[in-house]
file structure.pdb (PDB, C-alpha atoms)
MODEL        1
ATOM      1  CA  MET A   1     -81.237  27.551 -12.913
ATOM      2  CA  ARG A   2     -78.038  25.698 -12.213
ATOM      3  CA  VAL A   3     -74.697  27.403 -11.854
ATOM      4  CA  ARG A   4     -71.978  25.365 -13.606
ATOM      5  CA  THR A   5     -69.082  27.800 -13.625
ATOM      6  CA  ALA A   6     -67.121  26.028 -10.873
ATOM      7  CA  ARG A   7     -67.382  22.639 -12.481
ATOM      8  CA  THR A   8     -65.027  23.274 -15.406
ATOM      9  CA  PRO A   9     -62.048  24.991 -13.738
ATOM     10  CA  LEU A  10     -62.072  22.635 -10.725
ATOM     11  CA  PRO A  11     -59.843  19.937 -12.278
ATOM     12  CA  ALA A  12     -57.358  22.581 -13.345
ATOM     13  CA  ALA A  13     -57.215  23.979  -9.853
ATOM     14  CA  MET A  14     -56.682  20.509  -8.429
ATOM     15  CA  ALA A  15     -53.945  19.821 -10.963
ATOM     16  CA  ILE A  16     -52.179  23.004  -9.979
ATOM     17  CA  ALA A  17     -52.408  22.023  -6.333
ATOM     18  CA  PHE A  18     -51.121  18.526  -7.035
ATOM     19  CA  ALA A  19     -48.261  19.942  -9.140
ATOM     20  CA  ALA A  20     -47.314  22.327  -6.383
ATOM     21  CA  ALA A  21     -47.297  19.483  -3.888
ATOM     22  CA  ALA A  22     -45.191  17.337  -6.195
ATOM     23  CA  LEU A  23     -42.716  20.138  -6.747
ATOM     24  CA  SER A  24     -42.531  20.697  -3.018
ATOM     25  CA  SER A  25     -41.890  16.971  -2.489
ATOM     26  CA  LEU A  26     -39.192  16.898  -5.172
ATOM     27  CA  SER A  27     -37.583  19.991  -3.706
ATOM     28  CA  THR A  28     -37.570  18.385  -0.260
ATOM     29  CA  ALA A  29     -36.082  15.138  -1.646
ATOM     30  CA  SER A  30     -33.478  17.110  -3.581
ATOM     31  CA  GLN A  31     -32.555  19.053  -0.482
ATOM     32  CA  ALA A  32     -32.312  15.825   1.513
ATOM     33  CA  GLN A  33     -30.101  14.253  -1.152
ATOM     34  CA  ALA A  34     -27.902  17.344  -1.255
ATOM     35  CA  GLN A  35     -27.692  17.263   2.542
ATOM     36  CA  ASN A  36     -26.691  13.583   2.501
ATOM     37  CA  GLN A  37     -24.038  14.255  -0.136
ATOM     38  CA  GLY A  38     -22.797  17.206   1.870
ATOM     39  CA  ASN A  39     -22.601  15.085   5.008
ATOM     40  CA  ALA A  40     -20.703  12.340   3.139
ATOM     41  CA  GLN A  41     -18.240  14.856   1.724
ATOM     42  CA  ALA A  42     -17.811  16.410   5.150
ATOM     43  CA  GLU A  43     -17.111  12.980   6.679
ATOM     44  CA  GLN A  44     -14.577  12.196   3.942
ATOM     45  CA  SER A  45     -12.894  15.573   4.431
ATOM     46  CA  GLN A  46     -12.806  15.061   8.191
ATOM     47  CA  SER A  47     -11.374  11.557   7.745
ATOM     48  CA  LEU A  48      -8.705  12.928   5.411
ATOM     49  CA  ARG A  49      -7.888  15.729   7.854
ATOM     50  CA  ASN A  50      -7.631  13.233  10.706
ATOM     51  CA  ARG A  51      -5.316  10.975   8.696
ATOM     52  CA  ASN A  52      -3.171  13.916   7.630
ATOM     53  CA  ALA A  53      -3.027  15.098  11.221
ATOM     54  CA  VAL A  54      -1.848  11.659  12.336
ATOM     55  CA  GLU A  55       0.722  11.536   9.546
ATOM     56  CA  THR A  56       2.160  14.999  10.113
ATOM     57  CA  ARG A  57       2.021  15.543  13.855
ATOM     58  CA  ALA A  58       4.579  12.904  14.778
ATOM     59  CA  VAL A  59       6.744  12.146  11.749
ATOM     60  CA  PRO A  60      10.381  13.150  12.319
ATOM     61  CA  PRO A  61      12.217  14.947   9.498
ATOM     62  CA  THR A  62      13.740  13.250   6.468
ATOM     63  CA  GLY A  63      17.211  11.973   7.186
ATOM     64  CA  ARG A  64      19.370   9.150   8.484
ATOM     65  CA  TYR A  65      18.708   7.652  11.915
ATOM     66  CA  VAL A  66      20.673   5.312  14.153
ATOM     67  CA  ALA A  67      19.112   3.047  16.781
ATOM     68  CA  GLU A  68      20.696   2.088  20.092
ATOM     69  CA  SER A  69      20.734  -1.496  18.804
ATOM     70  CA  GLY A  70      23.268  -0.355  16.189
ATOM     71  CA  GLU A  71      20.932  -0.495  13.188
ATOM     72  CA  ALA A  72      20.728   2.551  10.917
ATOM     73  CA  PHE A  73      18.064   3.561   8.434
ATOM     74  CA  ILE A  74      16.886   6.372   6.171
ATOM     75  CA  LEU A  75      13.469   7.978   6.590
ATOM     76  CA  ASP A  76      12.179   9.768   3.465
ATOM     77  CA  ARG A  77       9.125  12.044   3.748
ATOM     78  CA  SER A  78       9.320  13.606   0.274
ATOM     79  CA  GLY A  79       6.465  11.510  -1.213
ATOM     80  CA  GLN A  80       2.828  10.803  -0.415
ATOM     81  CA  ARG A  81       3.766   8.361   2.351
ATOM     82  CA  PRO A  82       6.847   8.083   4.565
ATOM     83  CA  LEU A  83       9.437   5.601   3.282
ATOM     84  CA  LEU A  84      12.027   3.692   5.322
ATOM     85  CA  ARG A  85      15.064   1.681   4.289
ATOM     86  CA  PHE A  86      17.613   0.022   6.561
ATOM     87  CA  ASP A  87      21.320   0.198   5.768
ATOM     88  CA  ARG A  88      22.639  -2.696   3.664
ATOM     89  CA  ARG A  89      19.063  -3.661   2.699
ATOM     90  CA  ASP A  90      17.485  -3.382  -0.750
ATOM     91  CA  GLU A  91      13.870  -3.084   0.360
ATOM     92  CA  THR A  92      12.112   0.217   0.937
ATOM     93  CA  TRP A  93       9.195   0.010   3.354
ATOM     94  CA  VAL A  94       6.093   2.152   2.847
ATOM     95  CA  LEU A  95       4.838   3.311   6.251
ATOM     96  CA  ARG A  96       1.150   3.487   7.153
ATOM     97  CA  PRO A  97       0.240   5.481  10.294
ATOM     98  CA  THR A  98      -2.235   4.439  12.977
ATOM     99  CA  ALA A  99      -3.079   6.288  16.182
ATOM    100  CA  ALA A 100      -1.899   4.814  19.480
ATOM    101  CA  PRO A 101      -2.462   5.598  23.183
ATOM    102  CA  ARG A 102      -0.999   8.785  24.703
ATOM    103  CA  GLY A 103      -0.988  10.482  21.293
ATOM    104  CA  ASP A 104       1.700   8.200  19.845
ATOM    105  CA  VAL A 105       1.654   7.146  16.196
ATOM    106  CA  ILE A 106       2.579   3.631  15.064
ATOM    107  CA  TYR A 107       3.873   3.110  11.526
ATOM    108  CA  ARG A 108       3.329  -0.319   9.969
ATOM    109  CA  ASN A 109       4.071  -2.003   6.650
ATOM    110  CA  ASP A 110       1.378  -3.423   4.342
ATOM    111  CA  ALA A 111       1.436  -6.735   6.228
ATOM    112  CA  GLY A 112       0.594  -5.014   9.518
ATOM    113  CA  ASP A 113       4.067  -5.361  11.061
ATOM    114  CA  GLN A 114       5.086  -2.496  13.343
ATOM    115  CA  LEU A 115       8.254  -0.707  12.215
ATOM    116  CA  LEU A 116       8.225   2.624  14.042
ATOM    117  CA  ARG A 117       6.547   4.257  17.018
ATOM    118  CA  VAL A 118       6.746   8.023  17.390
ATOM    119  CA  THR A 119       5.691  10.091  20.412
ATOM    120  CA  PRO A 120       4.064  13.542  20.181
ATOM    121  CA  GLY A 121       7.398  14.989  21.256
ATOM    122  CA  GLY A 122       9.238  13.337  18.361
ATOM    123  CA  GLY A 123      10.783  10.419  20.236
ATOM    124  CA  MET A 124      11.258   7.429  17.938
ATOM    125  CA  THR A 125      11.443   3.675  18.539
ATOM    126  CA  VAL A 126      12.308   1.262  15.715
ATOM    127  CA  TYR A 127      11.297  -2.425  15.693
ATOM    128  CA  THR A 128      13.450  -5.005  13.904
ATOM    129  CA  PRO A 129      14.254  -8.731  14.178
ATOM    130  CA  LEU A 130      17.362  -7.700  16.087
ATOM    131  CA  ALA A 131      15.281  -5.591  18.493
ATOM    132  CA  PRO A 132      11.709  -6.943  18.398
ATOM    133  CA  GLY A 133      10.853  -5.117  21.617
ATOM    134  CA  GLY A 134      11.930  -1.821  20.111
ATOM    135  CA  SER A 135      15.091   0.274  20.207
ATOM    136  CA  PRO A 136      15.236   4.096  20.574
ATOM    137  CA  ALA A 137      16.524   5.857  17.453
ATOM    138  CA  SER A 138      17.894   9.352  16.948
ATOM    139  CA  PHE A 139      18.601  11.649  13.995
ATOM    140  CA  SER A 140      22.197  11.454  12.747
ATOM    141  CA  GLY A 141      22.208  13.532   9.541
ATOM    142  CA  PRO A 142      20.743  13.994   6.058
ATOM    143  CA  GLY A 143      19.622  11.021   4.002
ATOM    144  CA  GLN A 144      19.160  10.268   0.317
ATOM    145  CA  SER A 145      15.863   9.997  -1.548
ATOM    146  CA  LEU A 146      14.368   6.501  -1.623
ATOM    147  CA  THR A 147      12.570   6.941  -4.963
ATOM    148  CA  PRO A 148      13.284   3.864  -7.136
ATOM    149  CA  PRO A 149      15.612   4.410 -10.124
ATOM    150  CA  ILE A 150      14.640   4.044 -13.777
ATOM    151  CA  LEU A 151      16.624   1.423 -15.691
ATOM    152  CA  GLY A 152      17.259   1.204 -19.412
ATOM    153  CA  PRO A 153      16.308  -1.892 -21.466
ATOM    154  CA  LEU A 154      19.753  -3.499 -21.196
ATOM    155  CA  GLN A 155      19.993  -2.906 -17.447
ATOM    156  CA  LEU A 156      16.488  -4.267 -16.956
ATOM    157  CA  TRP A 157      17.206  -7.425 -18.934
ATOM    158  CA  SER A 158      20.476  -7.894 -17.017
ATOM    159  CA  LEU A 159      18.678  -7.482 -13.681
ATOM    160  CA  MET A 160      16.012 -10.040 -14.619
ATOM    161  CA  ALA A 161      18.683 -12.516 -15.794
ATOM    162  CA  ARG A 162      20.731 -12.109 -12.602
ATOM    163  CA  ARG A 163      17.708 -12.510 -10.372
ATOM    164  CA  SER A 164      16.530 -15.596 -12.248
ATOM    165  CA  ASP A 165      20.006 -17.125 -11.971
ATOM    166  CA  MET A 166      20.192 -16.396  -8.220
ATOM    167  CA  ILE A 167      16.878 -18.111  -7.514
ATOM    168  CA  SER A 168      17.554 -20.990  -9.916
ATOM    169  CA  GLN A 169      20.854 -21.729  -8.171
ATOM    170  CA  ALA A 170      19.251 -21.475  -4.730
ATOM    171  CA  LEU A 171      16.504 -23.972  -5.674
ATOM    172  CA  GLY A 172      18.519 -26.204  -8.015
ATOM    173  CA  ARG A 173      16.157 -25.750 -10.992
ATOM    174  CA  LEU A 174      15.194 -23.096 -13.502
ATOM    175  CA  VAL A 175      12.794 -20.388 -12.308
ATOM    176  CA  ALA A 176      11.745 -17.956 -15.037
ATOM    177  CA  ILE A 177      11.113 -14.263 -14.352
ATOM    178  CA  ASN A 178       8.709 -12.113 -16.383
ATOM    179  CA  LEU A 179       8.119  -8.375 -16.069
ATOM    180  CA  THR A 180       5.590  -6.244 -17.949
ATOM    181  CA  GLY A 181       5.482  -2.562 -17.007
ATOM    182  CA  GLU A 182       4.225   0.155 -19.321
ATOM    183  CA  ARG A 183       3.015   2.797 -16.837
ATOM    184  CA  SER A 184       5.666   2.565 -14.127
ATOM    185  CA  GLU A 185       8.716   0.501 -14.988
ATOM    186  CA  SER A 186      10.597   1.748 -11.917
ATOM    187  CA  LEU A 187       7.856   0.440  -9.614
ATOM    188  CA  CYS A 188       7.930  -2.940 -11.365
ATOM    189  CA  VAL A 189      11.710  -3.071 -10.960
ATOM    190  CA  GLU A 190      11.363  -2.293  -7.260
ATOM    191  CA  ALA A 191       8.767  -5.078  -6.962
ATOM    192  CA  LEU A 192      11.073  -7.495  -8.790
ATOM    193  CA  ILE A 193      13.944  -6.854  -6.388
ATOM    194  CA  VAL A 194      11.743  -7.083  -3.297
ATOM    195  CA  THR A 195       9.995 -10.245  -4.507
ATOM    196  CA  THR A 196      13.148 -12.139  -5.451
ATOM    197  CA  ASP A 197      14.817 -11.142  -2.181
ATOM    198  CA  ALA A 198      11.816 -12.587  -0.312
ATOM    199  CA  VAL A 199      12.068 -15.859  -2.261
ATOM    200  CA  LEU A 200      15.787 -16.107  -1.468
ATOM    201  CA  ARG A 201      15.070 -15.565   2.216
ATOM    202  CA  ILE A 202      12.546 -18.403   2.162
ATOM    203  CA  ALA A 203      15.042 -20.630   0.331
ATOM    204  CA  ARG A 204      17.553 -20.119   3.164
ATOM    205  CA  SER A 205      15.030 -21.158   5.815
ATOM    206  CA  PRO A 206      15.162 -24.890   6.697
ATOM    207  CA  THR A 207      11.532 -24.854   7.825
ATOM    208  CA  ALA A 208       9.986 -22.711   5.046
ATOM    209  CA  ARG A 209      12.042 -23.842   2.043
ATOM    210  CA  GLN A 210       9.614 -26.618   1.167
ATOM    211  CA  SER A 211       6.951 -24.001   0.315
ATOM    212  CA  LEU A 212       9.023 -23.230  -2.820
ATOM    213  CA  ASP A 213       8.989 -26.816  -4.115
ATOM    214  CA  ARG A 214       6.513 -26.031  -6.916
ATOM    215  CA  LEU A 215       7.752 -22.547  -7.854
ATOM    216  CA  THR A 216       8.419 -22.276 -11.610
ATOM    217  CA  THR A 217       7.760 -18.645 -12.596
ATOM    218  CA  ILE A 218       7.730 -15.175 -11.041
ATOM    219  CA  THR A 219       5.732 -12.531 -12.887
ATOM    220  CA  ILE A 220       5.486  -8.818 -12.149
ATOM    221  CA  VAL A 221       2.481  -7.069 -13.718
ATOM    222  CA  GLU A 222       0.575  -3.797 -13.403
ATOM    223  CA  GLY A 223      -3.050  -3.648 -12.268
ATOM    224  CA  ASP A 224      -5.706  -1.694 -10.424
ATOM    225  CA  ARG A 225      -4.768  -3.053  -7.009
ATOM    226  CA  ALA A 226      -1.584  -4.289  -5.406
ATOM    227  CA  SER A 227      -1.721  -8.026  -4.693
ATOM    228  CA  VAL A 228       0.273 -11.251  -4.441
ATOM    229  CA  THR A 229      -0.970 -14.660  -5.563
ATOM    230  CA  TYR A 230       0.764 -18.036  -5.640
ATOM    231  CA  LEU A 231      -1.098 -20.802  -7.417
ATOM    232  CA  GLY A 232       0.130 -23.846  -9.321
ATOM    233  CA  GLY A 233       3.791 -22.899  -8.986
ATOM    234  CA  ARG A 234       3.227 -19.424 -10.467
ATOM    235  CA  LEU A 235       3.895 -16.386  -8.315
ATOM    236  CA  VAL A 236       2.184 -13.233  -9.623
ATOM    237  CA  VAL A 237       2.898  -9.864  -8.033
ATOM    238  CA  THR A 238       0.624  -7.022  -9.130
ATOM    239  CA  VAL A 239       1.609  -3.385  -8.619
ATOM    240  CA  ASP A 240      -0.694  -0.358  -8.770
ATOM    241  CA  PRO A 241       1.139   2.586 -10.410
ATOM    242  CA  ASP A 242      -1.533   5.039  -9.236
ATOM    243  CA  GLU A 243      -0.487   4.418  -5.619
ATOM    244  CA  GLY A 244       3.205   5.025  -6.180
ATOM    245  CA  MET A 245       5.472   3.139  -3.785
ATOM    246  CA  ALA A 246       2.428   2.183  -1.722
ATOM    247  CA  GLY A 247       1.196   0.225  -4.745
ATOM    248  CA  ARG A 248       4.051  -2.277  -4.510
ATOM    249  CA  PRO A 249       3.576  -5.294  -2.182
ATOM    250  CA  SER A 250       6.314  -5.732   0.403
ATOM    251  CA  SER A 251       8.469  -8.799   0.978
ATOM    252  CA  ALA A 252       6.273  -9.598   3.995
ATOM    253  CA  ARG A 253       3.263  -9.913   1.676
ATOM    254  CA  VAL A 254       5.250 -12.145  -0.696
ATOM    255  CA  ILE A 255       6.294 -14.423   2.160
ATOM    256  CA  GLN A 256       2.685 -14.615   3.329
ATOM    257  CA  ALA A 257       1.669 -15.793  -0.143
ATOM    258  CA  PHE A 258       3.962 -18.833   0.154
ATOM    259  CA  LEU A 259       3.282 -19.668   3.775
ATOM    260  CA  ALA A 260      -0.495 -19.073   3.581
ATOM    261  CA  PRO A 261      -1.357 -19.168  -0.148
ATOM    262  CA  THR A 262      -5.143 -19.324   0.260
ATOM    263  CA  GLU A 263      -5.340 -16.263   2.491
ATOM    264  CA  ALA A 264      -2.767 -14.241   0.547
ATOM    265  CA  GLY A 265      -4.416 -15.053  -2.768
ATOM    266  CA  ARG A 266      -7.513 -13.153  -1.667
ATOM    267  CA  ARG A 267      -5.636  -9.917  -0.989
TER     268      ARG A 267
ENDMDL
END

call {"tool": "encode", "arguments": {"input": "structure.pdb", "output": "structure tokens"}}
result
Amino acid sequence: MRVRTARTPLPAAMAIAFAAAALSSLSTASQAQAQNQGNAQAEQSQSLRNRNAVETRAVPPTGRYVAESGEAFILDRSGQRPLLRFDRRDETWVLRPTAAPRGDVIYRNDAGDQLLRVTPGGGMTVYTPLAPGGSPASFSGPGQSLTPPILGPLQLWSLMARRSDMISQALGRLVAINLTGERSESLCVEALIVTTDAVLRIARSPTARQSLDRLTTITIVEGDRASVTYLGGRLVVTVDPDEGMAGRPSSARVIQAFLAPTEAGRR
């Protein structure tokens, strides 16, 4: 007589074993995925902590500073990034920190130009065209906020008309200015002032003026990423409201767009 009792439940037992193995494999994969995500989050947190440490360990307090070269400027730390504006200048520079030897921190603009160097002890050196090798600067008193103002419709239209007239006179032909800002009008206004100042600086340069020969329009728009493009006589400056002042290209970026249009257009 044959015994057949084991033959029927065998597939079920195998299925249970296979299911257990599959569940174990899925659990292991899930744990590995969770571990990878945890590692990525840890790396991001560490990167953020490192950047914050660089930004906070060597930034002098908000206020007005005077360099030995005679130049004065305001440093504003009230926002997400430090801001700097020189006396008798309209442009506000957004500073981006990078670590340097001996624990120093170098602050650059969005074009990579060095503006400040700060030691761990708080010593500050400012770099300008007047002092390209650097000039020591010291705190001289409180300074005003560098947050851009909000203009009304009439003031905005007047500003655009004045800026268009200034550039048109400098180049001897009409240059139209367009501005469309629904999310951050103040940032667009700041970009308009910075951009037109950069164009006027180029117009005053005997060697660079020819790069403006085809300029016909300047347009300030909002977008997902700050950029500057100059193609076919049309200069388009895009600001990113989500980034605040850091979402507005500097005059250095605008000048790059005219002097090296192919490279700047890819930014």

call {"tool": "resolve_selection", "arguments": {"input": "structure.pdb", "expression": "the PyMOL selection byres ((chain A and resi 131) around 10)", "output": "ChimeraX atom specification"}}
result
/A:67-71,126-130,132-136

call {"tool": "atom_distance", "arguments": {"input": "structure.pdb", "atom1": "CA of Asp113 (chain A)", "atom2": "CA of Ser78 (chain A)"}}
result
22.4 Å

call {"tool": "atom_distance", "arguments": {"input": "structure.pdb", "atom1": "CA of Ile193 (chain A)", "atom2": "CA of Ala226 (chain A)"}}
result
15.8 Å

call {"tool": "resolve_selection", "arguments": {"input": "structure.pdb", "expression": "the PyMOL selection byres ((chain A and resi 87) around 6)", "output": "PyMOL selection string"}}
result
chain A and resi 72-73+86+88-89

call {"tool": "resolve_selection", "arguments": {"input": "structure.pdb", "expression": "the PyMOL selection byres ((chain A and resi 102) around 9)", "output": "list of chain:residue names"}}
result
A:Ala100, A:Pro101, A:Gly103, A:Asp104, A:Thr119, A:Pro120

call {"tool": "residues_near_point", "arguments": {"input": "structure.pdb", "point": "(17.6, 13.3, 16.7)", "cutoff": "9 Å", "atoms": "only C-alpha atoms", "output": "PDB file with C-alpha atoms, keeping the file's coordinate frame"}}
result
ATOM      1  CA  PRO A  60      10.381  13.150  12.319  1.00  0.00           C
ATOM      2  CA  TYR A  65      18.708   7.652  11.915  1.00  0.00           C
ATOM      3  CA  VAL A  66      20.673   5.312  14.153  1.00  0.00           C
ATOM      4  CA  GLY A 122       9.238  13.337  18.361  1.00  0.00           C
ATOM      5  CA  GLY A 123      10.783  10.419  20.236  1.00  0.00           C
ATOM      6  CA  MET A 124      11.258   7.429  17.938  1.00  0.00           C
ATOM      7  CA  ALA A 137      16.524   5.857  17.453  1.00  0.00           C
ATOM      8  CA  SER A 138      17.894   9.352  16.948  1.00  0.00           C
ATOM      9  CA  PHE A 139      18.601  11.649  13.995  1.00  0.00           C
ATOM     10  CA  SER A 140      22.197  11.454  12.747  1.00  0.00           C
ATOM     11  CA  GLY A 141      22.208  13.532   9.541  1.00  0.00           C
TER      12      GLY A 141
END

call {"tool": "atom_distance", "arguments": {"input": "structure.pdb", "atom1": "CA of Gly79 (chain A)", "atom2": "CA of Val94 (chain A)"}}
result
10.2 Å

call {"tool": "residues_around", "arguments": {"input": "structure.pdb", "residues": "region 201-204 of chain A", "least_positions_apart": "4", "cutoff": "12 Å", "atoms": "all atoms listed in the file", "output": "VMD selection string"}}
result
chain A and resid 166 to 172 194 to 197 208 to 213 215 251 to 252 254 to 259

call {"tool": "axis_aligned_box", "arguments": {"input": "structure.pdb", "around": "region 150-165 of chain A", "padding_each_side": "3 Å", "output": "lines of an AutoDock Vina configuration file"}}
result
center_x = 17.7
center_y = -6.5
center_z = -15.9
size_x = 12.1
size_y = 27.2
size_z = 17.1

call {"tool": "residues_around", "arguments": {"input": "structure.pdb", "residues": "Arg248 (chain A)", "least_positions_apart": "5", "cutoff": "8 Å", "atoms": "all atoms listed in the file", "output": "PyMOL selection string"}}
result
chain A and resi 187-188+190-191+226+238-240

call {"tool": "closest_residue", "arguments": {"input": "structure.pdb", "among": "A:Met160, A:Met245, A:Leu116, A:Ala111", "to": "Leu75 (chain A)", "atoms": "all atoms listed in the file"}}
result
A:Leu116

call {"tool": "residues_around", "arguments": {"input": "structure.pdb", "residues": "region 175-179 of chain A", "least_positions_apart": "2", "cutoff": "9 Å", "atoms": "only C-alpha atoms", "output": "VMD selection string"}}
result
chain A and resid 160 to 161 163 to 165 167 to 168 171 173 181 185 188 to 189 192 215 to 221

call {"tool": "residues_around", "arguments": {"input": "structure.pdb", "residues": "Arg117 (chain A)", "least_positions_apart": "3", "cutoff": "6 Å", "atoms": "only C-alpha atoms", "output": "compact mmCIF listing (two decimals) with C-alpha atoms, in the coordinates of the input"}}
result
# COMPACT_ATOMS: atom_id res chain seq x y z
CA VAL A 105 1.65 7.15 16.20
CA ILE A 106 2.58 3.63 15.06
CA MET A 124 11.26 7.43 17.94
CA THR A 125 11.44 3.68 18.54

call {"tool": "closest_residue", "arguments": {"input": "structure.pdb", "among": "A:Gln155, A:Ser227, A:Asn109, A:Ser186", "to": "Leu84 (chain A)", "atoms": "all atoms listed in the file"}}
result
A:Asn109
